[in-house]
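Text of my_file08.txt (compact mmCIF, C-alpha atoms) as supplied:
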```
# COMPACT_ATOMS: atom_id res chain seq x y z
CA MET A 1 -1.47 40.83 -27.33
CA SER A 2 -0.09 39.62 -24.02
CA LEU A 3 -2.06 37.37 -21.71
CA LEU A 4 -2.49 40.25 -19.27
CA GLY A 5 -3.76 42.42 -22.11
CA ARG A 6 -6.29 39.74 -23.02
CA LEU A 7 -7.26 39.34 -19.37
CA PHE A 8 -7.75 43.06 -18.86
CA GLY A 9 -8.81 44.28 -22.27
CA GLY A 10 -5.57 45.75 -23.61
CA ASP A 11 -4.74 48.49 -21.13
CA GLY A 12 -5.21 46.53 -17.93
CA ARG A 13 -8.60 48.09 -17.21
CA GLY A 14 -11.24 47.39 -19.83
CA GLY A 15 -12.99 44.75 -21.91
CA ALA A 16 -15.44 42.12 -20.88
CA GLU A 17 -14.58 39.15 -23.08
CA ASP A 18 -11.66 38.01 -25.16
CA GLU A 19 -11.96 36.67 -28.71
CA SER A 20 -13.14 33.27 -27.47
CA GLY A 21 -15.85 34.81 -25.30
CA ALA A 22 -14.03 33.92 -22.07
CA GLU A 23 -14.42 36.17 -19.08
CA THR A 24 -11.58 38.68 -18.65
CA GLY A 25 -9.98 40.01 -15.49
CA SER A 26 -12.04 43.19 -15.42
CA THR A 27 -15.26 41.17 -15.78
CA ARG A 28 -14.02 38.84 -13.06
CA ALA A 29 -13.28 41.87 -10.86
CA ALA A 30 -16.74 43.32 -11.57
CA SER A 31 -18.38 39.99 -10.74
CA ARG A 32 -16.62 40.16 -7.38
CA GLY A 33 -18.07 43.64 -6.77
CA HIS A 34 -15.08 45.71 -7.92
CA ASP A 35 -14.82 48.28 -10.70
CA GLN A 36 -11.14 47.64 -11.36
CA PRO A 37 -8.86 44.66 -10.89
CA ARG A 38 -7.47 44.54 -7.35
CA VAL A 39 -3.68 44.50 -7.31
CA GLY A 40 -1.70 43.09 -4.42
CA LEU A 41 1.84 44.54 -4.48
CA TYR A 42 4.52 42.67 -2.54
CA VAL A 43 7.98 44.24 -2.35
CA ASP A 44 11.04 42.25 -1.29
CA GLY A 45 12.84 45.12 0.45
CA PRO A 46 16.26 43.52 0.99
CA ASN A 47 16.51 42.56 -2.70
CA VAL A 48 14.97 45.68 -4.24
CA LEU A 49 15.99 48.58 -2.02
CA ARG A 50 19.71 48.38 -2.61
CA GLU A 51 21.98 51.29 -3.28
CA GLU A 52 23.05 49.91 -6.67
CA PHE A 53 19.45 49.96 -7.97
CA ASP A 54 18.32 53.39 -6.67
CA VAL A 55 14.66 52.30 -6.62
CA ASP A 56 11.90 54.74 -5.70
CA LEU A 57 8.92 53.07 -4.00
CA ASP A 58 6.60 55.48 -5.84
CA ASP A 59 7.87 54.00 -9.14
CA VAL A 60 7.24 50.47 -7.88
CA ARG A 61 3.67 51.36 -6.93
CA ALA A 62 3.07 53.16 -10.24
CA ALA A 63 4.27 50.08 -12.14
CA ALA A 64 1.76 47.88 -10.30
CA GLU A 65 -1.07 50.39 -10.68
CA ARG A 66 -0.88 50.10 -14.46
CA TYR A 67 -2.92 46.93 -13.99
CA GLY A 68 -5.58 48.09 -11.55
CA GLN A 69 -6.12 49.58 -8.13
CA CYS A 70 -3.60 48.67 -5.43
CA SER A 71 -5.69 46.99 -2.76
CA PHE A 72 -2.59 46.81 -0.67
CA ALA A 73 1.10 47.52 -1.04
CA LEU A 74 3.34 45.63 1.34
CA LEU A 75 7.05 46.21 1.87
CA TYR A 76 8.88 43.35 3.58
CA LEU A 77 11.98 44.21 5.60
CA ASP A 78 14.14 42.44 8.13
CA GLU A 79 14.28 43.49 11.75
CA ASN A 80 17.45 45.55 11.16
CA ALA A 81 15.81 47.96 8.71
CA PRO A 82 16.51 51.60 9.53
CA ALA A 83 13.64 53.53 11.11
CA GLY A 84 13.97 56.20 8.41
CA LEU A 85 13.26 53.62 5.69
CA ILE A 86 10.20 52.36 7.52
CA GLN A 87 8.88 55.91 7.99
CA ALA A 88 9.50 56.80 4.34
CA ALA A 89 7.70 53.66 3.13
CA GLU A 90 4.72 54.30 5.39
CA ALA A 91 4.57 57.91 4.19
CA ARG A 92 4.23 56.55 0.64
CA GLY A 93 1.30 54.34 1.63
CA PHE A 94 3.12 51.04 2.06
CA GLU A 95 2.34 48.73 4.91
CA VAL A 96 5.71 47.66 6.30
CA VAL A 97 6.09 44.07 7.44
CA THR A 98 9.22 43.40 9.47
CA THR A 99 10.31 39.94 10.37
CA SER A 100 13.07 38.43 12.46
CA GLY A 101 13.11 35.43 10.15
CA ASP A 102 13.49 35.11 6.41
CA VAL A 103 11.72 37.93 4.56
CA ASP A 104 11.22 35.65 1.54
CA VAL A 105 9.23 33.09 3.51
CA LYS A 106 6.87 35.68 5.03
CA LEU A 107 6.32 37.43 1.70
CA GLY A 108 5.74 34.12 -0.10
CA VAL A 109 3.22 32.89 2.47
CA ASP A 110 1.33 36.20 2.52
CA ALA A 111 1.20 36.53 -1.28
CA THR A 112 0.04 32.94 -1.73
CA ALA A 113 -2.62 33.40 0.95
CA ALA A 114 -3.97 36.51 -0.81
CA ALA A 115 -4.18 34.55 -4.08
CA VAL A 116 -5.89 31.55 -2.49
CA GLU A 117 -8.34 33.71 -0.52
CA GLU A 118 -9.23 35.64 -3.70
CA ALA A 119 -8.33 38.93 -2.01
CA ILE A 120 -6.72 40.13 -5.26
CA ASP A 121 -7.09 39.76 -9.02
CA VAL A 122 -3.48 40.64 -9.89
CA LEU A 123 -0.35 39.62 -8.00
CA ALA A 124 2.65 41.92 -8.43
CA VAL A 125 5.96 40.88 -6.88
CA ALA A 126 8.90 43.28 -6.86
CA SER A 127 12.05 41.25 -6.39
CA ARG A 128 15.08 39.78 -8.08
CA ASP A 129 14.83 36.55 -6.13
CA THR A 130 13.85 33.32 -7.90
CA ASP A 131 12.37 32.03 -4.62
CA PHE A 132 9.10 33.70 -5.66
CA LYS A 133 8.66 31.66 -8.85
CA PRO A 134 6.35 29.12 -7.09
CA VAL A 135 4.27 32.00 -5.69
CA LEU A 136 3.67 33.39 -9.19
CA GLU A 137 2.90 29.90 -10.48
CA ALA A 138 0.36 29.24 -7.71
CA ALA A 139 -1.37 32.56 -8.37
CA ALA A 140 -1.53 31.91 -12.12
CA GLU A 141 -2.98 28.44 -11.50
CA ARG A 142 -5.81 30.14 -9.61
CA GLY A 143 -6.55 32.47 -12.51
CA LEU A 144 -4.77 35.58 -11.24
CA ALA A 145 -2.72 37.76 -13.53
CA THR A 146 0.91 37.94 -12.38
CA ILE A 147 3.53 40.66 -12.70
CA ALA A 148 7.24 40.50 -11.90
CA ILE A 149 8.79 43.90 -11.18
CA ALA A 150 12.59 44.01 -11.35
CA PRO A 151 14.67 46.76 -9.71
CA GLY A 152 16.84 47.23 -12.80
CA GLU A 153 18.30 45.46 -15.80
CA HIS A 154 21.06 43.87 -13.69
CA GLY A 155 18.65 43.04 -10.87
CA ARG A 156 16.24 41.08 -13.02
CA SER A 157 15.47 37.42 -12.44
CA ASP A 158 14.91 35.62 -15.73
CA ALA A 159 12.99 32.91 -13.86
CA LEU A 160 10.51 35.46 -12.47
CA ARG A 161 10.32 37.27 -15.79
CA ASN A 162 9.55 34.07 -17.67
CA THR A 163 7.01 32.85 -15.11
CA ALA A 164 4.95 36.05 -14.79
CA HIS A 165 2.33 37.05 -17.34
CA GLU A 166 3.99 40.49 -17.52
CA ASP A 167 7.36 41.81 -16.43
CA ILE A 168 8.47 45.34 -15.71
CA THR A 169 12.05 46.48 -15.34
CA LEU A 170 12.45 49.77 -13.49
CA ASP A 171 14.98 52.23 -14.88
```
What would the structure in this file look like if it were written as structure tokens?
Amino acid sequence: MSLLGRLFGGDGRGGAEDESGAETGSTRAASRGHDQPRVGLYVDGPNVLREEFDVDLDDVRAAAERYGQCSFALLYLDENAPAGLIQAAEARGFEVVTTSGDVDVKLGVDATAAAVEEAIDVLAVASRDTDFKPVLEAAAERGLATIAIAPGEHGRSDALRNTAHEDITLD
């Protein structure tokens, strides 16, 4: 069974203790006053929403929600993002974060802050950029489950895949 399965009792939602009697993610979530693990979904727009991948934001959210309730879903875009993309993302329940600087830096800082502040139990990063490897490592060091979501087989980062507890490749 995967580490995430052990943390969350097999299906990402149940179980109180693993074989050793250690507290699992769902027990940890319950001890923090939550029924389900809280998932923070961070989407690297410039690296995921490319024509060659044909990614649907609903599929990205559904992938993250396999592991708990999305406390927040953030889509990071640069200042040149088309208004139609921003409106479509907001209509799907994503909070859009636009930045004039490097999208990677803003996403990395925000995701790390959520992990450190214990605002989430599961960190899901949708990207193909190896820049987020330290973010996943920092979250794991703090006891969070981590998920790397790739936009497709050819858009997958092996570094993210190998660092995260679980990896998902969208079709």
Subject >> Nearest-residue call for A:Ala119, choices A:Phe53, A:Phe94, A:Phe72, A:Phe132, using only C-alpha atoms >> reply: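 Of A:Phe53, A:Phe94, A:Phe72, A:Phe132, the one nearest A:Ala119 is A:Phe72, counting only C-alpha atoms.
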**OP:** Would you list the contacts of A:Ala150 as a list of chain:residue names, taking every protein, DNA or RNA residue within 8 Å and counting all atoms listed in the file, but skipping same-chain residues closer than 5 positions in sequence?
**Re:**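 Skipping anything fewer than 5 positions along the chain leaves A:Val48, A:Ala126, A:Ser127, A:Arg128, A:Gly155, A:Arg156, A:Ser157, A:Asp167, A:Ile168, A:Thr169, A:Leu170.
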Original post:
When distances are computed from all atoms listed in the file, which of A:Leu107, A:Ala88, A:Leu41, A:Ala139 shows the smallest separation from A:Ala63?
Top reply: A:Leu41
**OP:** Select, from A:Ser71, A:Gln87, A:Ser100, A:Thr163, the residue with the minimum atom-to-atom distance to A:Pro37, counting all atoms listed in the file.
**Re:**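 The closest residue to A:Pro37 is A:Ser71.
Nearest-residue note for A:Asp129: choosing from A:Glu153, A:Glu79, A:Glu117, A:Asp104, the minimum distance belongs to A:Asp104, counting only C-alpha atoms.
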Subject >> Shortest interatomic distance to A:Asp56 - which of A:Ala81, A:Ala89, A:Val105, A:Val39, counting all atoms listed in the file >> reply: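 Closest to A:Asp56, using all atoms listed in the file: A:Ala89.
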